>>> print(open('protein-v1.cif').read())   # mmCIF, C-alpha atoms
data_work
#
loop_
_atom_site.group_PDB
_atom_site.id
_atom_site.type_symbol
_atom_site.label_atom_id
_atom_site.label_comp_id
_atom_site.auth_asym_id
_atom_site.auth_seq_id
_atom_site.Cartn_x
_atom_site.Cartn_y
_atom_site.Cartn_z
ATOM 1 C CA MET A 19 65.644 40.308 3.277
ATOM 2 C CA THR A 20 68.945 38.541 3.853
ATOM 3 C CA GLN A 21 71.866 40.303 5.442
ATOM 4 C CA GLN A 22 75.226 38.603 5.182
ATOM 5 C CA PHE A 23 78.269 39.420 7.306
ATOM 6 C CA ARG A 24 81.361 37.382 6.522
ATOM 7 C CA ASP A 25 84.910 37.316 7.900
ATOM 8 C CA GLY A 26 84.361 40.486 9.893
ATOM 9 C CA LYS A 27 83.635 42.565 6.801
ATOM 10 C CA ARG A 28 80.191 43.962 6.302
ATOM 11 C CA THR A 29 78.958 42.860 2.879
ATOM 12 C CA SER A 30 75.217 43.167 3.288
ATOM 13 C CA ARG A 31 72.911 42.706 0.347
ATOM 14 C CA ARG A 32 69.175 42.931 0.055
ATOM 15 C CA LEU A 33 67.666 40.117 -1.973
ATOM 16 C CA ALA A 34 64.839 40.779 -4.403
ATOM 17 C CA SER A 35 61.647 40.745 -2.370
ATOM 18 C CA ASN A 36 58.097 39.895 -3.318
ATOM 19 C CA ASN A 37 56.293 43.198 -3.806
ATOM 20 C CA ASP A 38 53.054 41.464 -2.807
ATOM 21 C CA GLY A 39 54.383 40.922 0.710
ATOM 22 C CA PRO A 40 54.055 37.636 2.578
ATOM 23 C CA SER A 41 52.558 34.614 0.850
ATOM 24 C CA LEU A 42 48.871 33.793 1.066
ATOM 25 C CA GLN A 43 49.649 30.704 3.150
ATOM 26 C CA SER A 44 51.652 32.841 5.564
ATOM 27 C CA ARG A 45 48.880 35.409 5.905
ATOM 28 C CA ILE A 46 46.364 32.630 6.597
ATOM 29 C CA ILE A 47 48.556 31.034 9.255
ATOM 30 C CA VAL A 48 49.202 34.364 10.972
ATOM 31 C CA GLY A 49 45.463 34.992 10.942
ATOM 32 C CA LEU A 50 44.821 31.594 12.512
ATOM 33 C CA LEU A 51 47.482 32.200 15.140
ATOM 34 C CA ARG A 52 45.694 35.396 16.126
ATOM 35 C CA LEU A 53 42.450 33.436 16.601
ATOM 36 C CA LEU A 54 44.043 30.747 18.768
ATOM 37 C CA PRO A 55 44.738 31.270 22.506
ATOM 38 C CA ILE A 56 48.505 30.963 22.039
ATOM 39 C CA LYS A 57 49.328 34.564 22.900
ATOM 40 C CA LYS A 58 47.071 34.488 25.971
ATOM 41 C CA ARG A 59 49.523 32.035 27.518
ATOM 42 C CA MET A 60 52.076 34.851 27.548
ATOM 43 C CA ALA A 61 49.699 37.663 28.551
ATOM 44 C CA SER A 62 50.889 38.020 32.159
ATOM 45 C CA ALA A 63 53.323 36.720 34.738
ATOM 46 C CA ALA A 64 50.423 35.104 36.602
ATOM 47 C CA VAL A 65 49.363 33.098 33.539
ATOM 48 C CA VAL A 66 52.917 31.810 33.055
ATOM 49 C CA GLN A 67 53.199 30.906 36.743
ATOM 50 C CA GLU A 68 49.927 28.970 36.574
ATOM 51 C CA GLN A 69 51.143 27.123 33.484
ATOM 52 C CA VAL A 70 54.356 26.173 35.305
ATOM 53 C CA ARG A 71 52.330 24.894 38.265
ATOM 54 C CA ARG A 72 50.199 22.725 35.965
ATOM 55 C CA LEU A 73 53.255 21.310 34.242
ATOM 56 C CA ALA A 74 54.783 20.452 37.620
ATOM 57 C CA LEU A 75 51.675 18.431 38.486
ATOM 58 C CA TRP A 76 51.269 16.844 35.043
ATOM 59 C CA PRO A 77 54.639 16.872 33.250
ATOM 60 C CA ALA A 78 54.441 16.814 29.471
ATOM 61 C CA SER A 79 55.816 13.876 27.526
ATOM 62 C CA TYR A 80 59.113 14.469 25.758
ATOM 63 C CA GLY A 81 59.355 11.221 23.786
ATOM 64 C CA PRO A 82 59.724 11.348 19.998
ATOM 65 C CA THR A 83 56.464 11.827 18.112
ATOM 66 C CA GLY A 84 55.928 12.917 14.532
ATOM 67 C CA LEU A 85 59.364 11.959 13.233
ATOM 68 C CA GLY A 86 57.785 10.383 10.178
ATOM 69 C CA ARG A 87 58.848 7.338 8.214
ATOM 70 C CA GLY A 88 62.381 6.272 7.548
ATOM 71 C CA VAL A 89 63.853 7.483 10.840
ATOM 72 C CA GLU A 90 65.419 5.261 13.475
ATOM 73 C CA VAL A 91 65.638 6.541 17.044
ATOM 74 C CA THR A 92 67.520 5.409 20.146
ATOM 75 C CA ARG A 93 67.884 6.875 23.619
ATOM 76 C CA LYS A 94 71.166 7.173 25.511
ATOM 77 C CA ASP A 95 71.024 9.138 28.749
ATOM 78 C CA VAL A 96 73.999 11.375 29.512
ATOM 79 C CA ALA A 97 74.653 12.869 32.967
ATOM 80 C CA GLY A 98 71.034 12.296 33.916
ATOM 81 C CA TRP A 99 69.576 13.928 30.799
ATOM 82 C CA PRO A 100 67.582 11.890 28.274
ATOM 83 C CA VAL A 101 69.364 12.207 24.922
ATOM 84 C CA TYR A 102 67.748 10.889 21.735
ATOM 85 C CA HIS A 103 69.701 9.929 18.628
ATOM 86 C CA THR A 104 68.069 9.686 15.215
ATOM 87 C CA ALA A 105 69.385 8.349 11.916
ATOM 88 C CA PRO A 106 67.873 7.588 8.512
ATOM 89 C CA SER A 107 66.709 3.982 8.292
ATOM 90 C CA ALA A 108 68.237 3.412 4.859
ATOM 91 C CA HIS A 109 71.526 5.285 4.921
ATOM 92 C CA HIS A 110 73.135 8.079 6.874
ATOM 93 C CA ASP A 111 76.248 10.150 6.568
ATOM 94 C CA VAL A 112 78.317 9.430 9.675
ATOM 95 C CA SER A 113 80.444 12.502 8.958
ATOM 96 C CA LYS A 114 77.604 14.950 9.679
ATOM 97 C CA ILE A 115 75.763 15.405 12.981
ATOM 98 C CA VAL A 116 73.086 17.874 14.087
ATOM 99 C CA VAL A 117 72.531 18.724 17.748
ATOM 100 C CA PHE A 118 68.943 19.990 17.976
ATOM 101 C CA LEU A 119 67.885 22.176 20.926
ATOM 102 C CA HIS A 120 64.143 22.675 21.261
ATOM 103 C CA GLY A 121 62.264 25.840 22.157
ATOM 104 C CA GLY A 122 59.487 26.460 24.649
ATOM 105 C CA GLY A 123 60.574 29.491 26.630
ATOM 106 C CA TYR A 124 62.605 27.303 29.029
ATOM 107 C CA ILE A 125 59.356 26.242 30.714
ATOM 108 C CA ASN A 126 57.778 23.999 28.042
ATOM 109 C CA GLU A 127 58.868 20.571 26.905
ATOM 110 C CA ILE A 128 59.818 19.547 23.381
ATOM 111 C CA VAL A 129 56.676 19.062 21.243
ATOM 112 C CA ARG A 130 55.599 17.330 18.049
ATOM 113 C CA ALA A 131 56.477 20.364 15.876
ATOM 114 C CA HIS A 132 60.074 20.182 17.095
ATOM 115 C CA TRP A 133 60.276 16.446 16.410
ATOM 116 C CA ARG A 134 58.980 17.065 12.882
ATOM 117 C CA ILE A 135 61.980 19.329 12.276
ATOM 118 C CA VAL A 136 64.287 16.633 13.661
ATOM 119 C CA GLY A 137 62.663 14.069 11.357
ATOM 120 C CA MET A 138 63.028 16.377 8.363
ATOM 121 C CA LEU A 139 66.709 17.008 9.067
ATOM 122 C CA THR A 140 67.395 13.311 9.610
ATOM 123 C CA ARG A 141 65.579 12.106 6.516
ATOM 124 C CA GLU A 142 66.251 14.874 3.982
ATOM 125 C CA ALA A 143 69.807 15.789 4.960
ATOM 126 C CA GLY A 144 70.740 12.180 5.694
ATOM 127 C CA VAL A 145 72.438 13.127 8.955
ATOM 128 C CA ARG A 146 72.411 11.866 12.505
ATOM 129 C CA CYS A 147 70.563 14.086 14.981
ATOM 130 C CA VAL A 148 71.207 14.326 18.706
ATOM 131 C CA VAL A 149 68.369 15.762 20.816
ATOM 132 C CA PRO A 150 69.155 16.515 24.485
ATOM 133 C CA ILE A 151 66.071 16.855 26.706
ATOM 134 C CA TYR A 152 67.327 19.563 29.030
ATOM 135 C CA PRO A 153 65.551 20.248 32.360
ATOM 136 C CA LEU A 154 63.114 23.138 32.554
ATOM 137 C CA ALA A 155 62.659 26.205 34.735
ATOM 138 C CA PRO A 156 62.035 26.904 37.510
ATOM 139 C CA HIS A 157 63.393 23.541 38.749
ATOM 140 C CA ALA A 158 66.497 24.016 36.613
ATOM 141 C CA THR A 159 67.906 27.464 35.927
ATOM 142 C CA ALA A 160 70.473 29.021 33.624
ATOM 143 C CA ARG A 161 73.250 28.779 36.225
ATOM 144 C CA ASP A 162 73.126 24.981 35.890
ATOM 145 C CA VAL A 163 71.635 24.398 32.436
ATOM 146 C CA VAL A 164 74.124 26.430 30.365
ATOM 147 C CA PRO A 165 77.307 24.812 31.779
ATOM 148 C CA ALA A 166 75.662 21.381 31.575
ATOM 149 C CA MET A 167 74.709 21.975 27.927
ATOM 150 C CA GLY A 168 78.214 23.286 27.260
ATOM 151 C CA GLU A 169 79.704 20.145 28.783
ATOM 152 C CA LEU A 170 77.344 18.001 26.721
ATOM 153 C CA LEU A 171 78.396 19.808 23.530
ATOM 154 C CA ARG A 172 82.038 19.323 24.506
ATOM 155 C CA ARG A 173 81.456 15.568 24.719
ATOM 156 C CA PHE A 174 79.617 15.463 21.403
ATOM 157 C CA VAL A 175 82.323 17.472 19.621
ATOM 158 C CA GLU A 176 85.149 15.380 21.071
ATOM 159 C CA ASP A 177 83.400 12.065 20.411
ATOM 160 C CA ALA A 178 82.574 13.110 16.833
ATOM 161 C CA GLY A 179 86.220 13.533 15.927
ATOM 162 C CA PRO A 180 86.463 14.970 12.409
ATOM 163 C CA ALA A 181 82.703 14.768 11.801
ATOM 164 C CA LYS A 182 80.885 18.024 11.112
ATOM 165 C CA ILE A 183 78.640 19.094 13.999
ATOM 166 C CA THR A 184 75.997 21.786 13.548
ATOM 167 C CA VAL A 185 73.906 23.057 16.460
ATOM 168 C CA VAL A 186 70.346 23.872 15.380
ATOM 169 C CA GLY A 187 68.146 25.590 17.948
ATOM 170 C CA ASN A 188 64.811 27.298 17.836
ATOM 171 C CA SER A 189 63.548 30.049 20.130
ATOM 172 C CA ALA A 190 64.813 29.375 23.675
ATOM 173 C CA GLY A 191 66.836 26.457 22.312
ATOM 174 C CA ALA A 192 68.617 28.836 19.942
ATOM 175 C CA ALA A 193 69.503 31.151 22.834
ATOM 176 C CA LEU A 194 70.699 28.149 24.849
ATOM 177 C CA GLY A 195 72.853 26.984 21.945
ATOM 178 C CA LEU A 196 74.440 30.428 21.652
ATOM 179 C CA ALA A 197 75.079 30.615 25.412
ATOM 180 C CA ALA A 198 76.555 27.102 25.426
ATOM 181 C CA THR A 199 79.009 27.922 22.633
ATOM 182 C CA GLN A 200 80.060 31.033 24.565
ATOM 183 C CA TRP A 201 80.683 28.712 27.545
ATOM 184 C CA LEU A 202 82.759 26.383 25.337
ATOM 185 C CA ARG A 203 84.876 29.308 24.163
ATOM 186 C CA ASP A 204 85.366 30.641 27.701
ATOM 187 C CA HIS A 205 86.604 27.216 28.865
ATOM 188 C CA GLY A 206 88.955 26.674 25.948
ATOM 189 C CA TYR A 207 87.061 23.865 24.224
ATOM 190 C CA ARG A 208 86.604 23.232 20.523
ATOM 191 C CA GLN A 209 83.515 24.717 18.882
ATOM 192 C CA PRO A 210 80.948 22.972 16.697
ATOM 193 C CA HIS A 211 81.225 23.768 13.003
ATOM 194 C CA GLY A 212 78.149 25.984 12.853
ATOM 195 C CA LEU A 213 75.135 27.458 14.623
ATOM 196 C CA VAL A 214 71.658 27.692 13.107
ATOM 197 C CA LEU A 215 69.516 29.983 15.266
ATOM 198 C CA ILE A 216 65.782 30.016 14.513
ATOM 199 C CA SER A 217 64.028 32.987 16.151
ATOM 200 C CA PRO A 218 66.445 33.254 19.077
ATOM 201 C CA GLY A 219 65.554 35.287 22.140
ATOM 202 C CA GLY A 220 68.748 37.205 22.748
ATOM 203 C CA ASP A 221 67.765 39.447 25.666
ATOM 204 C CA PHE A 222 65.012 38.390 28.060
ATOM 205 C CA SER A 223 64.892 41.775 29.770
ATOM 206 C CA ILE A 224 62.886 42.851 26.685
ATOM 207 C CA GLY A 225 63.610 46.487 27.398
ATOM 208 C CA ARG A 226 63.567 48.046 23.936
ATOM 209 C CA PRO A 227 60.883 50.733 23.466
ATOM 210 C CA GLN A 228 60.089 49.465 19.953
ATOM 211 C CA GLN A 229 59.248 46.023 21.333
ATOM 212 C CA VAL A 230 56.020 47.397 22.810
ATOM 213 C CA ALA A 231 54.785 48.160 19.300
ATOM 214 C CA ILE A 232 56.112 44.855 17.965
ATOM 215 C CA ALA A 233 54.307 42.954 20.756
ATOM 216 C CA GLU A 234 50.987 44.370 19.591
ATOM 217 C CA ARG A 235 51.516 42.716 16.194
ATOM 218 C CA ASP A 236 53.226 39.518 17.367
ATOM 219 C CA PRO A 237 50.622 36.710 17.220
ATOM 220 C CA ILE A 238 52.570 34.402 19.544
ATOM 221 C CA ASN A 239 54.644 36.206 22.181
ATOM 222 C CA ASP A 240 53.831 38.980 24.626
ATOM 223 C CA ILE A 241 56.131 40.957 26.878
ATOM 224 C CA PRO A 242 54.808 40.129 30.378
ATOM 225 C CA GLY A 243 54.862 36.364 29.872
ATOM 226 C CA ALA A 244 58.197 36.322 28.061
ATOM 227 C CA ARG A 245 59.771 38.388 30.829
ATOM 228 C CA GLU A 246 58.380 36.029 33.479
ATOM 229 C CA ALA A 247 59.718 32.973 31.641
ATOM 230 C CA GLY A 248 63.112 34.675 31.490
ATOM 231 C CA ARG A 249 62.940 35.509 35.201
ATOM 232 C CA LEU A 250 62.115 31.907 36.131
ATOM 233 C CA TYR A 251 64.971 30.607 33.996
ATOM 234 C CA ALA A 252 67.381 33.207 35.411
ATOM 235 C CA GLY A 253 66.825 32.003 38.974
ATOM 236 C CA ASP A 254 69.341 33.812 41.151
ATOM 237 C CA LEU A 255 71.103 35.360 38.148
ATOM 238 C CA ASP A 256 70.176 38.737 36.739
ATOM 239 C CA VAL A 257 68.055 38.300 33.621
ATOM 240 C CA THR A 258 70.681 40.267 31.662
ATOM 241 C CA HIS A 259 73.374 37.669 32.480
ATOM 242 C CA PRO A 260 74.757 36.127 29.263
ATOM 243 C CA TYR A 261 73.623 32.668 30.372
ATOM 244 C CA VAL A 262 70.046 33.976 30.171
ATOM 245 C CA SER A 263 70.481 36.709 27.549
ATOM 246 C CA PRO A 264 73.406 35.623 25.353
ATOM 247 C CA LEU A 265 73.137 38.788 23.258
ATOM 248 C CA ASN A 266 75.005 40.377 26.190
ATOM 249 C CA GLY A 267 77.834 37.856 25.939
ATOM 250 C CA ASP A 268 81.135 37.891 24.060
ATOM 251 C CA PHE A 269 80.903 36.863 20.392
ATOM 252 C CA ARG A 270 84.603 36.408 19.688
ATOM 253 C CA ARG A 271 85.726 33.045 18.283
ATOM 254 C CA LEU A 272 82.214 31.628 17.965
ATOM 255 C CA PRO A 273 81.269 29.321 15.067
ATOM 256 C CA PRO A 274 79.668 30.632 11.858
ATOM 257 C CA MET A 275 75.989 31.447 12.322
ATOM 258 C CA ILE A 276 72.779 31.490 10.322
ATOM 259 C CA VAL A 277 69.959 33.424 11.998
ATOM 260 C CA PHE A 278 66.262 33.429 11.036
ATOM 261 C CA SER A 279 63.686 35.936 12.239
ATOM 262 C CA GLY A 280 60.572 37.769 11.074
ATOM 263 C CA THR A 281 59.326 41.292 11.683
ATOM 264 C CA LEU A 282 56.251 40.010 13.557
ATOM 265 C CA ASP A 283 58.554 38.466 16.163
ATOM 266 C CA LEU A 284 58.997 40.271 19.484
ATOM 267 C CA PHE A 285 62.665 39.285 19.456
ATOM 268 C CA TYR A 286 63.608 40.345 15.928
ATOM 269 C CA PRO A 287 65.507 43.488 17.057
ATOM 270 C CA ASP A 288 67.694 41.146 19.138
ATOM 271 C CA CYS A 289 68.485 39.168 15.990
ATOM 272 C CA ILE A 290 69.607 42.282 14.138
ATOM 273 C CA ASP A 291 71.934 43.225 16.993
ATOM 274 C CA LEU A 292 73.102 39.622 17.333
ATOM 275 C CA ALA A 293 74.217 39.572 13.702
ATOM 276 C CA ALA A 294 75.917 42.956 14.074
ATOM 277 C CA LYS A 295 77.801 41.852 17.214
ATOM 278 C CA ALA A 296 78.908 38.635 15.556
ATOM 279 C CA ARG A 297 80.130 40.528 12.499
ATOM 280 C CA ALA A 298 81.999 43.040 14.682
ATOM 281 C CA ALA A 299 83.700 40.115 16.434
ATOM 282 C CA GLY A 300 84.844 38.632 13.123
ATOM 283 C CA VAL A 301 82.290 35.814 13.073
ATOM 284 C CA SER A 302 80.713 34.765 9.780
ATOM 285 C CA VAL A 303 76.942 35.304 10.012
ATOM 286 C CA GLU A 304 73.904 35.283 7.752
ATOM 287 C CA LEU A 305 70.759 37.042 8.956
ATOM 288 C CA HIS A 306 67.530 36.056 7.220
ATOM 289 C CA LEU A 307 64.966 38.640 8.298
ATOM 290 C CA GLU A 308 61.594 38.148 6.599
ATOM 291 C CA GLN A 309 58.902 40.794 6.406
ATOM 292 C CA ASP A 310 55.649 40.030 8.275
ATOM 293 C CA GLN A 311 56.770 36.593 9.433
ATOM 294 C CA PRO A 312 56.087 35.350 12.982
ATOM 295 C CA HIS A 313 58.223 33.659 15.602
ATOM 296 C CA ASN A 314 59.562 30.306 14.353
ATOM 297 C CA TYR A 315 58.311 30.924 10.810
ATOM 298 C CA ALA A 316 61.100 28.641 9.563
ATOM 299 C CA GLY A 317 59.147 25.623 10.787
ATOM 300 C CA MET A 318 55.798 26.594 9.277
ATOM 301 C CA PRO A 319 54.125 25.092 6.148
ATOM 302 C CA THR A 320 54.547 28.247 4.067
ATOM 303 C CA PRO A 321 56.758 29.206 1.118
ATOM 304 C CA GLU A 322 58.824 31.326 3.495
ATOM 305 C CA GLY A 323 59.192 28.396 5.886
ATOM 306 C CA ARG A 324 60.135 25.994 3.099
ATOM 307 C CA GLU A 325 62.770 28.422 1.823
ATOM 308 C CA ALA A 326 64.236 28.715 5.332
ATOM 309 C CA ARG A 327 64.296 24.937 5.754
ATOM 310 C CA ALA A 328 66.057 24.544 2.419
ATOM 311 C CA ILE A 329 68.775 26.905 3.672
ATOM 312 C CA ILE A 330 69.061 24.906 6.898
ATOM 313 C CA LEU A 331 69.298 21.603 5.017
ATOM 314 C CA ARG A 332 72.108 22.969 2.879
ATOM 315 C CA ALA A 333 73.890 24.253 5.986
ATOM 316 C CA VAL A 334 73.845 20.928 7.845
ATOM 317 C CA ALA A 335 74.488 18.708 4.825
#
>>> encode(input="protein-v1.cif", output="structure tokens")
Amino acid sequence: MTQQFRDGKRTSRRLASNNDGPSLQSRIIVGLLRLLPIKKRMASAAVVQEQVRRLALWPASYGPTGLGRGVEVTRKDVAGWPVYHTAPSAHHDVSKIVVFLHGGGYINEIVRAHWRIVGMLTREAGVRCVVPIYPLAPHATARDVVPAMGELLRRFVEDAGPAKITVVGNSAGAALGLAATQWLRDHGYRQPHGLVLISPGGDFSIGRPQQVAIAERDPINDIPGAREAGRLYAGDLDVTHPYVSPLNGDFRRLPPMIVFSGTLDLFYPDCIDLAAKARAAGVSVELHLEQDQPHNYAGMPTPEGREARAIILRAVA
């Protein structure tokens, strides 16, 4: 199902859906996800805290891996953050730039799956990608990370001049991108040309009654661990603060948005409300809500994922 809200006028339309439900590949992947210990990592606050302790002792690598052929990469640190720049080896369009913000619940580093998306965008859209490696909770919290990301976006937008800049974020990175554009607006700076939000977590209080039922079906996320990750990232802020939960922020004068979510995702009700708030504020928004798709389905090797990536490629190119 795709819901479209443009220019503040609600013009929603339901696209023809497959009566057979999700694709076979999607059903297989969801089944495999249920067999893997992924969800156990979010089963309790204690499990998340132990994971954070391990990562503090043995930090994960954040260097590019899995970009694939035909992609050049350089590193240019900005304000103490590692920032990677990619470009197609053969030819790239200097008038189009993607700022990619990785997911990981604010406690996990960028991983190979994220770099594969960066490689795909670089190679297939022929654009330059900028990948900031932002610091993680609990050592860095929303009070510092959101303004720093906003300042980084300000620099990118100003340095790009007339070039088109699209912010693409997944999961926590999508929420960070939304919060950073709210910060830009609040400080009177120019916005990027668009936001692509893949499975954003809009409200880390996770207080909706229906989310209990959704969590039982979600093969990736669970409420106790997601709440703890949000608490660690919030630091001394309330978890409902817009820096942490940008669904609670002001949506006026934000850039056009494309939002992807699936009904197996704990955060999909946030995405519905996010699109409605953007529309009410006069922001152009497309909501792609897919039946029986999990968190971050847009990056998965399924027909649904490939369709989502095709939409993203068109948006950035």
>>> closest_residue(input="protein-v1.cif", among="A:Ala78, A:Leu170, A:Ala108, A:Leu119", to="A:Asp95", atoms="only C-alpha atoms")
A:Leu170
>>> atom_distance(input="protein-v1.cif", atom1="atom CA of A:Arg235", atom2="atom CA of A:Pro312")
9.2 Å
>>> closest_atom_pairs(input="protein-v1.cif", of="stretch 118-211 of chain A", to="stretch 42-64 of chain A", cutoff="12 Å", atoms="all atoms listed in the file", output="JSON lines")
{"residue": "A:Gly122", "atom": "CA", "partner": "A:Met60", "partner_atom": "CA", "distance": 11.6}
{"residue": "A:Gly123", "atom": "CA", "partner": "A:Met60", "partner_atom": "CA", "distance": 10.1}
{"residue": "A:Ile125", "atom": "CA", "partner": "A:Met60", "partner_atom": "CA", "distance": 11.7}
{"residue": "A:Asn126", "atom": "CA", "partner": "A:Arg59", "partner_atom": "CA", "distance": 11.5}
>>> closest_atom_pairs(input="protein-v1.cif", of="stretch 123-214 of chain A", to="stretch 320-333 of chain A", cutoff="10 Å", atoms="all atoms listed in the file", output="JSON lines")
{"residue": "A:Ile135", "atom": "CA", "partner": "A:Arg327", "partner_atom": "CA", "distance": 8.9}
{"residue": "A:Met138", "atom": "CA", "partner": "A:Leu331", "partner_atom": "CA", "distance": 8.8}
{"residue": "A:Leu139", "atom": "CA", "partner": "A:Leu331", "partner_atom": "CA", "distance": 6.6}
{"residue": "A:Thr140", "atom": "CA", "partner": "A:Leu331", "partner_atom": "CA", "distance": 9.7}
{"residue": "A:Glu142", "atom": "CA", "partner": "A:Leu331", "partner_atom": "CA", "distance": 7.5}
{"residue": "A:Ala143", "atom": "CA", "partner": "A:Leu331", "partner_atom": "CA", "distance": 5.8}
{"residue": "A:Gly144", "atom": "CA", "partner": "A:Leu331", "partner_atom": "CA", "distance": 9.6}
{"residue": "A:Val145", "atom": "CA", "partner": "A:Leu331", "partner_atom": "CA", "distance": 9.9}
{"residue": "A:Thr184", "atom": "CA", "partner": "A:Ala333", "partner_atom": "CA", "distance": 8.2}
{"residue": "A:Val186", "atom": "CA", "partner": "A:Ile330", "partner_atom": "CA", "distance": 8.6}
{"residue": "A:Gly212", "atom": "CA", "partner": "A:Ala333", "partner_atom": "CA", "distance": 8.3}
{"residue": "A:Leu213", "atom": "CA", "partner": "A:Ala333", "partner_atom": "CA", "distance": 9.3}
{"residue": "A:Val214", "atom": "CA", "partner": "A:Ile330", "partner_atom": "CA", "distance": 7.3}
>>> resolve_selection(input="protein-v1.cif", expression="the PyMOL selection byres ((chain A and resi 173-181) around 10)", output="list in words")
Val96, Asp111, Val112, Ser113, Lys114, Ile115, Val117, Val148, Met167, Gly168, Glu169, Leu170, Leu171, Arg172, Lys182, Ile183, Thr184, Tyr207, Arg208, Gln209, Pro210 and His211 of chain A
>>> closest_residue(input="protein-v1.cif", among="A:Gly280, A:Pro218, A:Gly267, A:Gly98", to="A:Pro237", atoms="only C-alpha atoms")
A:Gly280
>>> resolve_selection(input="protein-v1.cif", expression="the PyMOL selection byres ((chain A and resi 311) around 6)", output="list of chain:residue names")
A:Gly280, A:Thr281, A:Leu282, A:Glu308, A:Gln309, A:Asp310, A:Pro312
>>> residues_around(input="protein-v1.cif", residues="A:Gly121", least_positions_apart="6", cutoff="12 Å", atoms="all atoms listed in the file", output="mmCIF file with C-alpha atoms, in the coordinates of the input")
data_model
loop_
_atom_site.group_PDB
_atom_site.id
_atom_site.type_symbol
_atom_site.label_atom_id
_atom_site.label_comp_id
_atom_site.auth_asym_id
_atom_site.auth_seq_id
_atom_site.Cartn_x
_atom_site.Cartn_y
_atom_site.Cartn_z
ATOM 1 C CA GLU A 127 58.868 20.571 26.905
ATOM 2 C CA ILE A 128 59.818 19.547 23.381
ATOM 3 C CA VAL A 129 56.676 19.062 21.243
ATOM 4 C CA ARG A 130 55.599 17.330 18.049
ATOM 5 C CA ALA A 131 56.477 20.364 15.876
ATOM 6 C CA HIS A 132 60.074 20.182 17.095
ATOM 7 C CA TRP A 133 60.276 16.446 16.410
ATOM 8 C CA ILE A 135 61.980 19.329 12.276
ATOM 9 C CA VAL A 149 68.369 15.762 20.816
ATOM 10 C CA PRO A 150 69.155 16.515 24.485
ATOM 11 C CA ILE A 151 66.071 16.855 26.706
ATOM 12 C CA TYR A 152 67.327 19.563 29.030
ATOM 13 C CA LEU A 154 63.114 23.138 32.554
ATOM 14 C CA VAL A 186 70.346 23.872 15.380
ATOM 15 C CA GLY A 187 68.146 25.590 17.948
ATOM 16 C CA ASN A 188 64.811 27.298 17.836
ATOM 17 C CA SER A 189 63.548 30.049 20.130
ATOM 18 C CA ALA A 190 64.813 29.375 23.675
ATOM 19 C CA GLY A 191 66.836 26.457 22.312
ATOM 20 C CA ALA A 192 68.617 28.836 19.942
ATOM 21 C CA ALA A 193 69.503 31.151 22.834
ATOM 22 C CA LEU A 194 70.699 28.149 24.849
ATOM 23 C CA GLY A 195 72.853 26.984 21.945
ATOM 24 C CA LEU A 215 69.516 29.983 15.266
ATOM 25 C CA ILE A 216 65.782 30.016 14.513
ATOM 26 C CA SER A 217 64.028 32.987 16.151
ATOM 27 C CA PRO A 218 66.445 33.254 19.077
ATOM 28 C CA GLY A 219 65.554 35.287 22.140
ATOM 29 C CA HIS A 313 58.223 33.659 15.602
ATOM 30 C CA ASN A 314 59.562 30.306 14.353
ATOM 31 C CA GLY A 317 59.147 25.623 10.787
#
